[in-house]
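Here is the file work06.cif (mmCIF, C-alpha atoms).
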```
data_run
loop_
_atom_site.label_atom_id
_atom_site.label_comp_id
_atom_site.auth_asym_id
_atom_site.auth_seq_id
_atom_site.Cartn_x
_atom_site.Cartn_y
_atom_site.Cartn_z
CA MET A 1 6.07 -0.81 0.62
CA HIS A 2 2.46 -1.51 -0.28
CA TYR A 3 1.05 -2.95 -3.47
CA ILE A 4 -2.40 -3.60 -4.82
CA ILE A 5 -2.46 -6.51 -7.21
CA LEU A 6 -5.33 -6.80 -9.67
CA GLY A 7 -5.53 -10.24 -11.20
CA ASN A 8 -7.27 -12.46 -13.68
CA TYR A 9 -7.20 -16.20 -14.01
CA THR A 10 -5.66 -17.61 -17.17
CA GLN A 11 -7.41 -20.39 -19.08
CA GLU A 12 -5.27 -22.85 -17.09
CA GLY A 13 -6.29 -21.15 -13.84
CA ILE A 14 -9.98 -21.39 -14.75
CA MET A 15 -9.67 -25.04 -15.74
CA LYS A 16 -8.19 -25.78 -12.31
CA ILE A 17 -10.23 -23.21 -10.35
CA LYS A 18 -10.83 -25.60 -7.44
CA GLU A 19 -7.08 -25.45 -6.74
CA SER A 20 -7.31 -21.70 -6.04
CA PRO A 21 -7.13 -22.00 -2.23
CA GLU A 22 -3.94 -24.05 -2.48
CA ARG A 23 -2.47 -21.62 -5.03
CA LEU A 24 -3.19 -18.73 -2.67
CA GLU A 25 -1.35 -20.57 0.12
CA GLN A 26 1.60 -21.08 -2.23
CA ALA A 27 1.54 -17.40 -3.22
CA GLN A 28 1.63 -16.43 0.46
CA LYS A 29 4.69 -18.67 0.93
CA VAL A 30 6.37 -17.08 -2.10
CA ALA A 31 5.65 -13.58 -0.76
CA LYS A 32 7.10 -14.50 2.64
CA SER A 33 10.22 -15.99 1.02
CA PHE A 34 10.97 -12.51 -0.36
CA GLY A 35 10.15 -10.76 2.91
CA GLY A 36 6.61 -9.79 1.95
CA GLU A 37 3.08 -10.72 2.83
CA ILE A 38 -0.34 -10.94 1.24
CA LYS A 39 -2.30 -8.88 3.77
CA GLN A 40 -5.74 -9.39 2.23
CA PHE A 41 -7.15 -11.27 -0.73
CA PHE A 42 -10.56 -10.72 -2.31
CA SER A 43 -12.30 -12.66 -5.05
CA THR A 44 -14.12 -10.10 -7.18
CA MET A 45 -16.66 -9.87 -9.97
CA GLY A 46 -16.16 -7.55 -12.89
CA ARG A 47 -13.02 -6.67 -14.83
CA TYR A 48 -10.73 -8.50 -12.37
CA ASP A 49 -11.12 -11.93 -10.79
CA PHE A 50 -9.25 -11.00 -7.62
CA VAL A 51 -7.56 -8.18 -5.73
CA ALA A 52 -4.68 -8.69 -3.32
CA ILE A 53 -3.36 -6.13 -0.85
CA THR A 54 0.31 -6.89 -0.26
CA GLU A 55 3.45 -5.60 1.39
CA ALA A 56 7.08 -6.12 0.43
CA PRO A 57 10.36 -4.65 1.65
CA SER A 58 11.25 -3.30 -1.80
CA HIS A 59 10.09 -3.07 -5.41
CA GLU A 60 12.66 -5.74 -6.25
CA ALA A 61 11.24 -8.17 -3.69
CA ALA A 62 7.68 -7.50 -4.86
CA LEU A 63 8.66 -8.00 -8.50
CA LYS A 64 10.41 -11.28 -7.75
CA ALA A 65 7.40 -12.64 -5.87
CA ILE A 66 4.98 -11.54 -8.59
CA LEU A 67 7.12 -13.12 -11.31
CA VAL A 68 7.31 -16.42 -9.45
CA VAL A 69 3.55 -16.52 -8.85
CA ALA A 70 2.61 -15.43 -12.38
CA GLY A 71 5.22 -17.79 -13.81
CA ALA A 72 3.21 -20.74 -12.50
CA GLY A 73 0.72 -19.96 -15.28
CA ALA A 74 -2.61 -19.69 -13.45
CA VAL A 75 -2.90 -15.89 -13.21
CA ARG A 76 -2.09 -12.61 -14.96
CA THR A 77 -1.59 -9.55 -12.79
CA GLU A 78 -1.48 -5.78 -12.86
CA THR A 79 0.34 -4.26 -9.90
CA LEU A 80 -0.17 -0.81 -8.41
CA THR A 81 2.27 0.74 -5.96
CA ALA A 82 0.26 2.14 -3.08
CA VAL A 83 0.99 4.85 -0.53
CA THR A 84 -0.86 4.97 2.79
CA ALA A 85 -2.71 8.12 3.81
CA GLU A 86 -0.05 8.74 6.47
CA GLU A 87 2.79 8.40 3.95
CA PHE A 88 0.95 10.69 1.53
CA ALA A 89 0.46 13.32 4.23
CA LYS A 90 4.18 13.22 5.01
CA ILE A 91 5.03 13.68 1.33
CA LEU A 92 2.67 16.64 1.13
CA LYS A 93 4.34 18.30 4.14
CA GLU A 94 7.71 18.00 2.40
CA LEU A 95 6.53 19.88 -0.69
CA PRO A 96 7.92 23.39 -1.17
#
```

Mind converting the file's structure to structure tokens?
Amino acid sequence: MHYIILGNYTQEGIMKIKESPERLEQAQKVAKSFGGEIKQFFSTMGRYDFVAITEAPSHEAALKAILVVAGAGAVRTETLTAVTAEEFAKILKELP
């Protein structure tokens, strides 16, 4: 399953912004511990501070990983479930 995570740094995250590379490494380890992976990570300007493209074996695994990462206090996230173009095409073919 694919997820797009839109995130913002909390005040704590901003105060310790130089630790961001290490926090990303930790987040990758958390994702892997639940069978997932952060496929790509982008720092962004605008409404969100970062965007992560992730995969996880289930919604439960994704939720657990997100809760652990967000629970550390440096980020707030909004998560979108994503469907690939191939998966979407398959769904469309199954419509009556």

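Closest to Pro57 (chain A) among A:Glu37, A:Glu87, A:Glu12, A:Glu25 is A:Glu37, based on all atoms listed in the file.
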
Residues near region 61-67 of chain A, anyone? I mean within 9 Å using all atoms listed in the file, not counting same-chain ones fewer than 4 positions away, as a VMD selection string.
chain A and resid 1 3 27 30 to 36 54 to 57 71 to 72 77 79

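Residue nearest Ser43 (chain A) within the list A:Ala82, A:Leu24, A:Val69, A:Ile91: A:Leu24 [criterion: smallest interatomic distance, only C-alpha atoms].
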
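The coordinates place CA of Leu6 (chain A) at 12.7 Å from CA of Ile38 (chain A).
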
For CA of Asp49 (chain A) and CA of Gly7 (chain A), determine how far apart the two atoms are, in Å to one decimal place.
5.9 Å

Could you give me, as a PyMOL selection string, the residues within 10 Å of Gly73 (chain A), counting all atoms listed in the file and dropping anything in the same chain fewer than 4 positions from it?
chain A and resi 9-13+68-69

CA of Ile53 (chain A) sits from CA of Ile4 (chain A) at a separation of 4.8 Å

Restricting the calculation to all atoms listed in the file: of A:Gln40, A:Ser20, A:Gln26, A:Thr84, which residue gets closest to Ile5 (chain A)?
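Checking each candidate against Ile5 (chain A), we get A:Gln40 as the closest.
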
Which residue, A:Lys93, A:Arg23, A:Lys39, A:Arg76, has the smallest gap to His2 (chain A) when you use only C-alpha atoms?
A:Lys39
